[in-house]
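Next comes coords-v8.cif, a file with mmCIF, C-alpha atoms.
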```
data_target
#
loop_
_atom_site.label_atom_id
_atom_site.label_comp_id
_atom_site.auth_asym_id
_atom_site.auth_seq_id
_atom_site.Cartn_x
_atom_site.Cartn_y
_atom_site.Cartn_z
CA MET C 1 31.08 -6.54 -3.58
CA PHE C 2 28.64 -9.26 -2.70
CA LYS C 3 25.75 -9.09 -0.29
CA TYR C 4 23.26 -11.71 0.73
CA GLU C 5 19.50 -11.75 0.59
CA LYS C 6 17.99 -14.29 2.95
CA LYS C 7 15.97 -16.11 0.32
CA LEU C 8 16.66 -18.37 -2.64
CA ASN C 9 16.13 -17.40 -6.29
CA TYR C 10 13.18 -19.80 -6.43
CA PRO C 11 11.43 -21.57 -3.53
CA ILE C 12 12.64 -25.09 -2.80
CA ASN C 13 10.81 -27.35 -0.42
CA ILE C 14 11.38 -31.03 -1.01
CA SER C 15 9.29 -33.40 1.06
CA LYS C 16 10.31 -36.83 -0.22
CA LYS C 17 13.78 -38.24 0.41
CA ASP C 18 15.56 -39.31 -2.77
CA LEU C 19 19.18 -40.15 -2.20
CA ARG C 20 19.76 -41.44 -5.70
CA MET C 21 18.62 -38.10 -7.11
CA ALA C 22 20.69 -36.12 -4.58
CA LYS C 23 23.85 -37.78 -5.82
CA LEU C 24 22.94 -36.89 -9.41
CA LEU C 25 21.89 -33.31 -8.65
CA LEU C 26 25.27 -32.61 -7.07
CA THR C 27 26.78 -32.51 -10.53
CA GLN C 28 25.16 -29.14 -11.12
CA PHE C 29 27.17 -27.84 -8.18
CA GLY C 30 30.64 -29.33 -8.66
CA GLY C 31 30.48 -30.90 -12.09
CA ALA C 32 31.88 -29.81 -15.44
CA ASN C 33 28.60 -28.17 -16.53
CA GLY C 34 27.62 -26.94 -13.09
CA GLU C 35 26.83 -23.62 -11.48
CA LEU C 36 30.06 -23.32 -9.48
CA GLY C 37 32.07 -23.50 -12.69
CA ALA C 38 29.72 -20.95 -14.26
CA THR C 39 30.09 -18.54 -11.34
CA LEU C 40 33.89 -18.69 -11.35
CA ARG C 41 34.07 -18.54 -15.14
CA TYR C 42 32.01 -15.36 -15.50
CA PHE C 43 33.53 -13.82 -12.38
CA SER C 44 37.07 -14.39 -13.70
CA GLN C 45 36.27 -13.22 -17.22
CA LYS C 46 34.51 -10.01 -16.20
CA PHE C 47 37.77 -8.18 -15.39
CA THR C 48 39.05 -8.24 -18.96
CA MET C 49 35.86 -7.48 -20.88
CA PRO C 50 36.49 -4.70 -23.43
CA ASP C 51 33.56 -2.44 -22.58
CA GLU C 52 30.86 -1.76 -20.03
CA LYS C 53 28.27 -4.04 -21.63
CA GLY C 54 30.52 -7.04 -21.08
CA ARG C 55 31.58 -5.98 -17.61
CA ALA C 56 28.00 -5.42 -16.50
CA LEU C 57 26.58 -8.56 -18.07
CA LEU C 58 29.23 -10.93 -16.79
CA ASN C 59 29.16 -9.42 -13.33
CA ASP C 60 25.39 -9.70 -13.06
CA ILE C 61 25.16 -13.22 -14.47
CA ALA C 62 27.97 -14.41 -12.17
CA THR C 63 26.04 -13.03 -9.20
CA GLU C 64 22.90 -14.89 -10.26
CA GLU C 65 24.80 -18.13 -10.82
CA PHE C 66 26.13 -18.07 -7.26
CA GLY C 67 22.50 -18.00 -6.15
CA HIS C 68 21.88 -21.02 -8.36
CA CYS C 69 24.76 -22.84 -6.58
CA GLU C 70 22.90 -22.24 -3.36
CA MET C 71 19.70 -23.65 -4.88
CA ILE C 72 21.40 -26.87 -6.00
CA CYS C 73 23.06 -27.35 -2.63
CA THR C 74 19.73 -26.71 -0.93
CA MET C 75 18.10 -29.44 -2.99
CA VAL C 76 20.86 -31.93 -2.22
CA HIS C 77 20.78 -31.01 1.47
CA GLN C 78 17.00 -31.35 1.78
CA LEU C 79 17.09 -34.69 0.00
CA THR C 80 19.76 -36.20 2.28
CA LYS C 81 19.48 -34.58 5.68
CA ASP C 82 17.13 -37.19 7.17
CA ALA C 83 18.73 -40.22 5.54
CA THR C 84 19.63 -43.26 7.65
CA ILE C 85 22.86 -45.18 7.17
CA GLU C 86 20.94 -48.04 5.57
CA GLU C 87 19.33 -45.72 3.04
CA LEU C 88 22.70 -44.18 2.21
CA LYS C 89 24.22 -47.59 1.64
CA GLU C 90 21.33 -48.63 -0.58
CA ALA C 91 21.67 -45.51 -2.74
CA GLY C 92 25.39 -46.07 -3.22
CA LEU C 93 26.26 -43.05 -1.10
CA ASP C 94 28.23 -44.94 1.55
CA ALA C 95 31.56 -43.97 -0.01
CA THR C 96 30.49 -40.31 -0.02
CA TYR C 97 29.39 -40.67 3.59
CA ALA C 98 32.76 -42.08 4.58
CA ASP C 99 34.56 -39.02 3.20
CA HIS C 100 32.01 -36.29 3.81
CA GLY C 101 29.20 -37.55 6.02
CA LYS C 102 26.11 -35.73 4.83
CA ALA C 103 28.07 -32.59 4.05
CA ILE C 104 27.77 -30.70 0.77
CA TYR C 105 31.00 -30.93 -1.21
CA PRO C 106 31.50 -29.83 -4.81
CA THR C 107 31.82 -32.98 -6.91
CA ASP C 108 30.10 -34.30 -10.02
CA ALA C 109 27.58 -37.15 -10.11
CA SER C 110 30.38 -39.72 -9.88
CA GLY C 111 32.13 -38.05 -6.95
CA VAL C 112 34.94 -36.50 -9.02
CA PRO C 113 35.88 -33.28 -7.22
CA PHE C 114 35.42 -29.88 -8.85
CA THR C 115 38.39 -28.63 -10.80
CA VAL C 116 39.10 -25.18 -12.10
CA THR C 117 40.16 -26.59 -15.48
CA TYR C 118 36.44 -27.00 -16.21
CA PHE C 119 36.52 -23.40 -17.44
CA ALA C 120 38.75 -21.03 -19.37
CA SER C 121 39.40 -17.32 -19.02
CA THR C 122 41.41 -15.94 -21.92
CA SER C 123 40.73 -12.15 -21.98
CA ASP C 124 39.86 -12.55 -25.69
CA PRO C 125 36.25 -11.33 -25.72
CA LEU C 126 35.08 -13.61 -28.54
CA ALA C 127 36.78 -16.68 -27.06
CA ASP C 128 35.40 -15.93 -23.60
CA LEU C 129 31.85 -15.32 -24.80
CA MET C 130 31.84 -18.38 -27.04
CA GLU C 131 32.96 -20.39 -24.01
CA ASP C 132 30.13 -18.84 -22.00
CA MET C 133 27.54 -19.71 -24.66
CA ALA C 134 28.79 -23.31 -24.73
CA ALA C 135 28.68 -23.44 -20.93
CA GLU C 136 25.04 -22.34 -20.87
CA GLN C 137 24.06 -24.93 -23.46
CA LYS C 138 25.86 -27.66 -21.51
CA ALA C 139 24.11 -26.58 -18.34
CA ARG C 140 20.72 -26.58 -20.09
CA ALA C 141 21.36 -30.07 -21.47
CA THR C 142 22.40 -31.34 -18.04
CA TYR C 143 19.23 -29.92 -16.47
CA GLU C 144 17.18 -31.71 -19.12
CA ASN C 145 19.00 -34.95 -18.31
CA LEU C 146 18.27 -34.46 -14.61
CA ILE C 147 14.60 -33.75 -15.31
CA GLU C 148 14.43 -37.04 -17.23
CA LEU C 149 15.81 -38.89 -14.21
CA THR C 150 13.05 -38.00 -11.75
CA ASN C 151 9.28 -37.85 -11.45
CA ASP C 152 9.18 -35.79 -8.26
CA GLU C 153 7.37 -32.52 -8.91
CA ASP C 154 9.18 -30.76 -6.05
CA ILE C 155 12.48 -31.42 -7.81
CA ILE C 156 11.33 -30.81 -11.37
CA ARG C 157 9.94 -27.33 -10.70
CA PRO C 158 13.23 -25.71 -9.66
CA LEU C 159 15.07 -27.66 -12.38
CA LEU C 160 12.72 -26.29 -15.05
CA PHE C 161 13.25 -22.79 -13.68
CA LEU C 162 17.02 -23.18 -13.70
CA ARG C 163 16.90 -24.63 -17.22
CA GLN C 164 15.00 -21.59 -18.49
CA ARG C 165 17.51 -19.30 -16.80
CA GLU C 166 20.30 -21.00 -18.75
CA ILE C 167 18.42 -20.35 -22.00
CA VAL C 168 18.07 -16.66 -21.11
CA HIS C 169 21.76 -16.40 -20.23
CA TYR C 170 22.67 -18.04 -23.52
CA ASN C 171 20.58 -15.47 -25.41
CA ARG C 172 22.31 -12.56 -23.64
CA PHE C 173 25.78 -14.00 -24.27
CA LYS C 174 24.94 -14.64 -27.92
CA GLU C 175 23.74 -11.07 -28.39
CA LEU C 176 26.88 -9.71 -26.75
CA PHE C 177 29.07 -11.99 -28.88
CA GLU C 178 27.44 -10.74 -32.11
CA TYR C 179 27.80 -7.17 -30.89
CA TYR C 180 31.52 -7.60 -30.11
CA GLU C 181 32.06 -9.36 -33.40
CA SER C 182 30.49 -6.42 -35.26
CA LYS C 183 32.76 -4.09 -33.28
CA GLY C 184 35.82 -6.06 -34.38
CA TYR C 185 37.04 -7.07 -30.92
CA MET A 1 9.71 -40.98 -17.93
CA LYS A 2 5.98 -40.51 -17.61
CA PHE A 3 3.90 -37.69 -16.28
CA ASP A 4 0.32 -37.96 -15.10
CA ASN A 5 -2.03 -35.63 -16.90
CA ASP A 6 -3.20 -34.01 -13.73
CA LYS A 7 0.28 -33.13 -12.51
CA PHE A 8 1.43 -30.83 -15.26
CA ILE A 9 -0.46 -28.37 -17.37
CA PHE A 10 0.11 -28.62 -21.10
CA ASN A 11 0.80 -25.79 -23.50
CA ASP A 12 -2.75 -25.19 -24.78
CA GLU A 13 -3.87 -24.28 -21.28
CA LEU A 14 -1.31 -21.50 -20.90
CA ILE A 15 -3.77 -18.80 -22.01
CA GLU A 16 -6.09 -19.74 -19.16
CA ILE A 17 -3.38 -19.25 -16.58
CA GLU A 18 -2.55 -15.80 -17.93
CA ASN A 19 -6.18 -14.71 -17.59
CA PHE A 20 -6.35 -16.17 -14.12
CA TYR A 21 -3.76 -13.82 -12.70
CA ASN A 22 -4.31 -10.10 -12.27
CA THR A 23 -1.33 -8.52 -13.88
CA ASP A 24 0.20 -6.00 -11.56
CA VAL A 25 3.05 -4.03 -13.08
CA SER A 26 3.01 -5.30 -16.64
CA LEU A 27 1.40 -4.06 -19.85
CA ASP A 28 -2.10 -5.14 -20.90
CA LEU A 29 -2.55 -8.76 -21.88
CA HIS A 30 -3.05 -9.64 -25.54
CA GLN A 31 -3.42 -12.93 -27.33
CA LEU A 32 -0.10 -14.65 -27.92
CA ASN A 33 1.15 -14.13 -31.44
CA ASN A 34 1.57 -17.54 -33.00
CA ASP A 35 4.13 -16.46 -35.58
CA ASN A 36 7.74 -17.26 -34.98
CA VAL A 37 8.85 -13.74 -34.18
CA TYR A 38 12.41 -14.09 -32.94
CA LEU A 39 14.18 -11.14 -34.52
CA ASN A 40 17.87 -10.83 -35.09
CA SER A 41 17.91 -7.65 -33.09
CA TYR A 42 21.47 -8.29 -31.93
CA LYS A 43 22.72 -7.95 -35.48
CA LYS A 44 21.49 -4.36 -35.59
CA ASN A 45 22.53 -3.72 -31.97
CA GLU A 46 19.00 -2.66 -31.30
CA PRO A 47 16.85 -3.70 -28.43
CA TYR A 48 14.14 -6.19 -29.17
CA ASN A 49 11.13 -4.02 -30.02
CA LEU A 50 8.45 -5.54 -32.18
CA LYS A 51 5.68 -2.95 -32.44
CA HIS A 52 2.76 -5.19 -33.12
CA ASP A 53 -0.74 -4.87 -31.72
CA SER A 54 -1.19 -8.49 -30.94
CA TYR A 55 2.24 -9.03 -29.44
CA GLN A 56 3.32 -8.41 -25.90
CA LYS A 57 7.02 -8.05 -25.16
CA PHE A 58 7.06 -8.77 -21.44
CA CYS A 59 5.31 -11.28 -19.23
CA SER A 60 3.58 -10.22 -16.07
CA THR A 61 5.82 -10.63 -13.05
CA LYS A 62 3.79 -13.63 -11.87
CA GLU A 63 4.04 -15.42 -15.20
CA GLY A 64 7.66 -14.37 -15.64
CA PHE A 65 8.58 -15.93 -12.33
CA LEU A 66 6.83 -19.22 -13.06
CA LYS A 67 8.41 -19.46 -16.50
CA GLY A 68 11.86 -18.16 -15.56
CA ASN A 69 12.01 -15.25 -18.02
CA MET A 70 10.41 -11.83 -18.44
CA LEU A 71 10.81 -11.56 -22.24
CA LYS A 72 7.90 -13.53 -23.66
CA HIS A 73 9.64 -14.79 -26.80
CA GLU A 74 12.47 -16.40 -24.83
CA PHE A 75 10.34 -19.08 -23.19
CA LYS A 76 11.23 -22.54 -24.48
CA PRO A 77 9.18 -25.27 -22.82
CA TYR A 78 10.85 -28.63 -22.28
CA LYS A 79 8.89 -31.32 -24.12
CA ASN A 80 5.31 -31.10 -22.90
CA LEU A 81 6.17 -29.72 -19.47
CA THR A 82 5.35 -26.24 -18.40
CA TYR A 83 4.87 -24.25 -15.27
CA LEU A 84 2.26 -24.74 -12.57
CA PRO A 85 0.96 -21.83 -10.53
CA ILE A 86 2.67 -21.38 -7.16
CA VAL A 87 0.05 -21.35 -4.40
CA PRO A 88 1.10 -20.06 -0.97
CA LYS A 89 0.03 -22.37 1.81
CA ASN A 90 0.36 -20.02 4.75
CA ALA A 91 0.65 -16.33 5.59
CA ARG A 92 4.44 -16.26 5.49
CA GLU A 93 4.58 -17.75 2.01
CA ALA A 94 1.84 -15.37 0.85
CA LYS A 95 3.92 -12.38 1.94
CA LEU A 96 7.15 -13.83 0.54
CA LEU A 97 5.88 -14.82 -2.92
CA PRO A 98 5.68 -11.24 -4.29
CA VAL A 99 9.23 -10.66 -3.06
CA TYR A 100 10.37 -13.71 -5.09
CA GLU A 101 8.43 -12.54 -8.16
CA TYR A 102 9.61 -8.93 -8.21
CA ASP A 103 13.19 -9.92 -7.35
CA HIS A 104 13.23 -12.28 -10.31
CA ALA A 105 11.76 -9.63 -12.63
CA ILE A 106 14.41 -7.15 -11.50
CA ASN A 107 17.19 -9.66 -12.11
CA ASP A 108 15.99 -10.67 -15.57
CA LEU A 109 15.38 -7.07 -16.70
CA ASN A 110 18.79 -6.18 -15.25
CA LEU A 111 20.50 -8.64 -17.60
CA TYR A 112 18.49 -7.35 -20.58
CA LEU A 113 19.16 -3.70 -19.76
CA ASP A 114 22.89 -4.39 -19.40
CA LEU A 115 22.92 -4.93 -23.16
CA TYR A 116 20.11 -2.52 -24.13
CA PRO A 117 20.25 0.36 -21.64
CA GLU A 118 18.41 2.66 -24.07
CA ASP A 119 15.24 0.48 -24.09
CA GLN A 120 12.83 2.81 -22.31
CA GLU A 121 10.00 0.31 -22.14
CA ALA A 122 12.20 -2.19 -20.33
CA PHE A 123 13.62 0.46 -18.02
CA ASP A 124 10.16 1.73 -17.05
CA LEU A 125 9.07 -1.80 -16.23
CA PHE A 126 12.30 -2.30 -14.28
CA LYS A 127 11.64 0.79 -12.16
CA LYS A 128 8.06 -0.30 -11.47
CA CYS A 129 9.32 -3.74 -10.41
CA VAL A 130 11.89 -2.16 -8.10
CA MET A 131 9.25 -0.05 -6.33
CA ALA A 132 6.94 -3.05 -6.01
CA PHE A 133 9.85 -5.15 -4.72
CA LYS A 134 10.79 -2.60 -2.07
CA ASN A 135 7.17 -2.44 -0.89
CA ALA A 136 6.74 -6.21 -0.80
CA LYS A 137 10.09 -6.60 0.99
CA ARG A 138 9.16 -4.03 3.63
CA GLU A 139 5.80 -5.69 4.20
CA TYR A 140 7.40 -9.10 4.63
CA GLU A 141 10.17 -7.83 6.89
CA SER A 142 7.79 -5.96 9.19
CA VAL A 143 6.32 -9.32 10.22
CA TYR A 144 8.98 -11.96 9.64
CA GLY A 145 12.30 -10.23 10.13
CA PRO A 146 15.08 -8.96 7.91
CA LEU A 147 15.92 -10.23 4.43
CA CYS A 148 19.13 -8.21 4.32
CA VAL A 149 21.35 -7.72 7.34
CA GLU A 150 21.11 -3.94 7.08
CA ASP A 151 17.35 -4.24 7.59
CA THR A 152 17.86 -5.60 11.10
CA LEU A 153 16.36 -2.59 12.83
CA GLY A 154 13.98 -4.18 15.32
CA SER A 155 14.43 -4.75 18.99
CA SER A 156 16.70 -7.79 18.63
CA PHE A 157 19.38 -9.00 16.22
CA ASN A 158 17.09 -11.47 14.49
CA TRP A 159 19.15 -11.61 11.28
CA SER A 160 20.88 -14.80 12.45
CA GLN A 161 17.66 -16.53 13.49
CA ASP A 162 16.25 -19.61 11.74
CA PRO A 163 14.88 -20.43 9.31
CA TRP A 164 17.61 -19.95 6.77
CA PRO A 165 16.52 -20.37 3.15
CA TRP A 166 18.00 -23.87 2.74
CA ASP A 167 16.21 -25.28 5.80
CA LYS A 168 13.25 -27.46 5.13
CA ASP A 169 10.25 -25.65 6.60
CA GLY A 170 8.46 -28.81 7.66
CA GLU A 171 4.84 -27.76 7.68
CA SER A 172 4.65 -25.49 4.68
CA LYS A 173 5.15 -26.01 0.97
CA TYR A 174 4.35 -23.93 -2.07
CA VAL A 175 3.58 -26.92 -4.28
#
```
Kindly present the structure from the file in structure tokens form.
Amino acid sequence: MFKYEKKLNYPINISKKDLRMAKLLLTQFGGANGELGATLRYFSQKFTMPDEKGRALLNDIATEEFGHCEMICTMVHQLTKDATIEELKEAGLDATYADHGKAIYPTDASGVPFTVTYFASTSDPLADLMEDMAAEQKARATYENLIELTNDEDIIRPLLFLRQREIVHYNRFKELFEYYESKGY
Amino acid sequence: MKFDNDKFIFNDELIEIENFYNTDVSLDLHQLNNDNVYLNSYKKNEPYNLKHDSYQKFCSTKEGFLKGNMLKHEFKPYKNLTYLPIVPKNAREAKLLPVYEYDHAINDLNLYLDLYPEDQEAFDLFKKCVMAFKNAKREYESVYGPLCVEDTLGSSFNWSQDPWPWDKDGESKYV
């Protein structure tokens, strides 16, 4: 089951409005390489893992990724909550505002809504884990792209943290993949 | 993209930051081993255990939280960027920061132990982090209210009270 702890994984406190960046950050929530896809991917795959190492690892990483979703949404929310209509129009967020106001909605950086076809769940352990390793690399690359697109320290700190988490997840998945391969799964 | 020199600390100043913090639940600090020591431990299905005098396997919880990983060899800085110390700006942040740090250590060691449950060193550190986390959590909650709903044991149901973690706490920042 899932419980909630009333804190984020890493503190986020953004003081400067940046609507352009908010639109871009949203991709790590509802985009192809984002945390929502990661959460659902690992959550779906965990049921058909062949042994307890896979079940435990996928369960625990899925739980952490859901917390990362919350972090991304927090950043987008803090960046947009005090925006005026003029500022939204200037940042190209007027179309988003028409559909969603200032609400958080899972889309990518271009507004394309999240789709479940961003991930696969095959019950083949090697296929699933290779997919997971690719997902973590894509997420890391996307975080690096986002870091390149801003100079705001308040935004870069959590992004660097999240990027390092993706590297750690990749290492765990890679180790489990090699282990399953040696077991002949 | 440009970064001012005074905004980010570069890699050769990392050693200074490690000596600045008092390590709490970790092993003794040693000089970082400069060799590339990433072992293919997964091929032998063994936990990562380099027994080397000048190498330290785990970060301190403070450093591990700033970097994002507890296993020292896993840290991969992005270009010339690296972590800055987190400095609490008020009493609430000061009480909450250890909770963040120990919670992160527990989570990272949890993922490692899922694959290497027989690694006693990691498990001992995990247990120490759990005890430290429970203490820090209790200390924070005694002043500022529950972090989990089942800790709502005071005189009022303050679980639902603001602030929630995604609210911008206007007058305080860690950075």
One decimal, Å: what's the distance from atom CA of Ile61 of chain C over to atom CA of Leu79 of chain C, could you say?
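Value for the atom CA of Ile61 of chain C-atom CA of Leu79 of chain C distance: 27.1 Å.
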Quick one, how far is atom CA of Ile155 of chain C from atom CA of Ile12 of chain C?
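If I compute the distance from atom CA of Ile155 of chain C to atom CA of Ile12 of chain C, I get 8.1 Å.
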Let me know the residues the PyMOL selection byres ((chain C and resi 135-137) around 8) catches in the file above, as a PyMOL selection string.
chain C and resi 33+38+131-134+138-141+166-167+169-170
Suppose a student applies the PyMOL selection byres ((chain A and resi 95) around 12) to this structure; what residues should they get, written as an MDAnalysis selection string?
chainID A and resid 87:94 96:101 133 135:145
In Å and to one decimal, atom CA of Asn69 of chain A is distant from atom CA of His68 of chain C by 15.0 Å
Could you pull segment 141-151 of chain A out of the structure I just pasted and write it to a file containing all heavy atoms, as a compact mmCIF listing (two decimals), in the first residue's frame?
```txt
# COMPACT_ATOMS: atom_id res chain seq x y z
N GLU A 141 8.33 16.70 14.83
CA GLU A 141 6.88 16.62 14.99
C GLU A 141 6.44 17.19 16.34
O GLU A 141 5.32 17.71 16.46
CB GLU A 141 6.43 15.17 14.86
CG GLU A 141 6.49 14.65 13.44
CD GLU A 141 6.09 13.19 13.34
OE1 GLU A 141 6.26 12.44 14.33
OE2 GLU A 141 5.61 12.80 12.27
N SER A 142 7.31 17.11 17.36
CA SER A 142 6.89 17.60 18.67
C SER A 142 6.65 19.10 18.62
O SER A 142 5.88 19.63 19.41
CB SER A 142 7.97 17.27 19.71
OG SER A 142 9.16 17.95 19.38
N VAL A 143 7.30 19.79 17.67
CA VAL A 143 7.12 21.25 17.58
C VAL A 143 6.18 21.64 16.44
O VAL A 143 5.33 22.52 16.61
CB VAL A 143 8.48 21.95 17.36
CG1 VAL A 143 8.32 23.45 17.37
CG2 VAL A 143 9.49 21.50 18.40
N TYR A 144 6.31 21.00 15.29
CA TYR A 144 5.66 21.50 14.08
C TYR A 144 4.53 20.62 13.57
O TYR A 144 3.98 20.89 12.53
CB TYR A 144 6.71 21.69 12.97
CG TYR A 144 7.74 22.71 13.34
CD1 TYR A 144 9.02 22.31 13.73
CD2 TYR A 144 7.45 24.07 13.32
CE1 TYR A 144 9.97 23.24 14.09
CE2 TYR A 144 8.39 25.00 13.68
CZ TYR A 144 9.65 24.58 14.07
OH TYR A 144 10.59 25.50 14.42
N GLY A 145 4.18 19.57 14.30
CA GLY A 145 3.03 18.80 13.85
C GLY A 145 3.44 17.57 13.06
O GLY A 145 4.60 17.39 12.73
N PRO A 146 2.45 16.74 12.74
CA PRO A 146 2.74 15.41 12.21
C PRO A 146 3.28 15.42 10.79
O PRO A 146 2.90 16.27 9.98
CB PRO A 146 1.36 14.72 12.24
CG PRO A 146 0.38 15.81 12.17
CD PRO A 146 1.00 16.97 12.87
N LEU A 147 4.20 14.47 10.52
CA LEU A 147 4.65 14.22 9.15
C LEU A 147 3.92 13.05 8.53
O LEU A 147 3.87 12.92 7.31
CB LEU A 147 6.16 13.94 9.13
CG LEU A 147 7.06 15.17 9.27
CD1 LEU A 147 8.51 14.74 9.40
CD2 LEU A 147 6.91 16.08 8.07
N CYS A 148 3.39 12.15 9.36
CA CYS A 148 2.54 11.08 8.87
C CYS A 148 1.23 11.18 9.63
O CYS A 148 1.22 11.57 10.80
CB CYS A 148 3.16 9.72 9.15
SG CYS A 148 4.68 9.44 8.23
N VAL A 149 0.13 10.79 8.98
CA VAL A 149 -1.17 11.04 9.60
C VAL A 149 -1.31 10.26 10.91
O VAL A 149 -1.96 10.75 11.84
CB VAL A 149 -2.32 10.71 8.62
CG1 VAL A 149 -2.41 9.23 8.36
CG2 VAL A 149 -3.61 11.26 9.11
N GLU A 150 -0.63 9.10 11.01
CA GLU A 150 -0.77 8.33 12.23
C GLU A 150 0.03 8.94 13.39
O GLU A 150 -0.04 8.43 14.51
CB GLU A 150 -0.33 6.88 12.03
CG GLU A 150 1.14 6.71 11.72
CD GLU A 150 1.37 6.64 10.23
OE1 GLU A 150 0.48 7.10 9.48
OE2 GLU A 150 2.40 6.13 9.80
N ASP A 151 0.77 10.02 13.12
CA ASP A 151 1.46 10.72 14.20
C ASP A 151 0.65 11.89 14.72
O ASP A 151 1.17 12.71 15.48
CB ASP A 151 2.82 11.23 13.71
CG ASP A 151 3.73 10.10 13.24
OD1 ASP A 151 3.61 8.99 13.80
OD2 ASP A 151 4.54 10.33 12.32
```
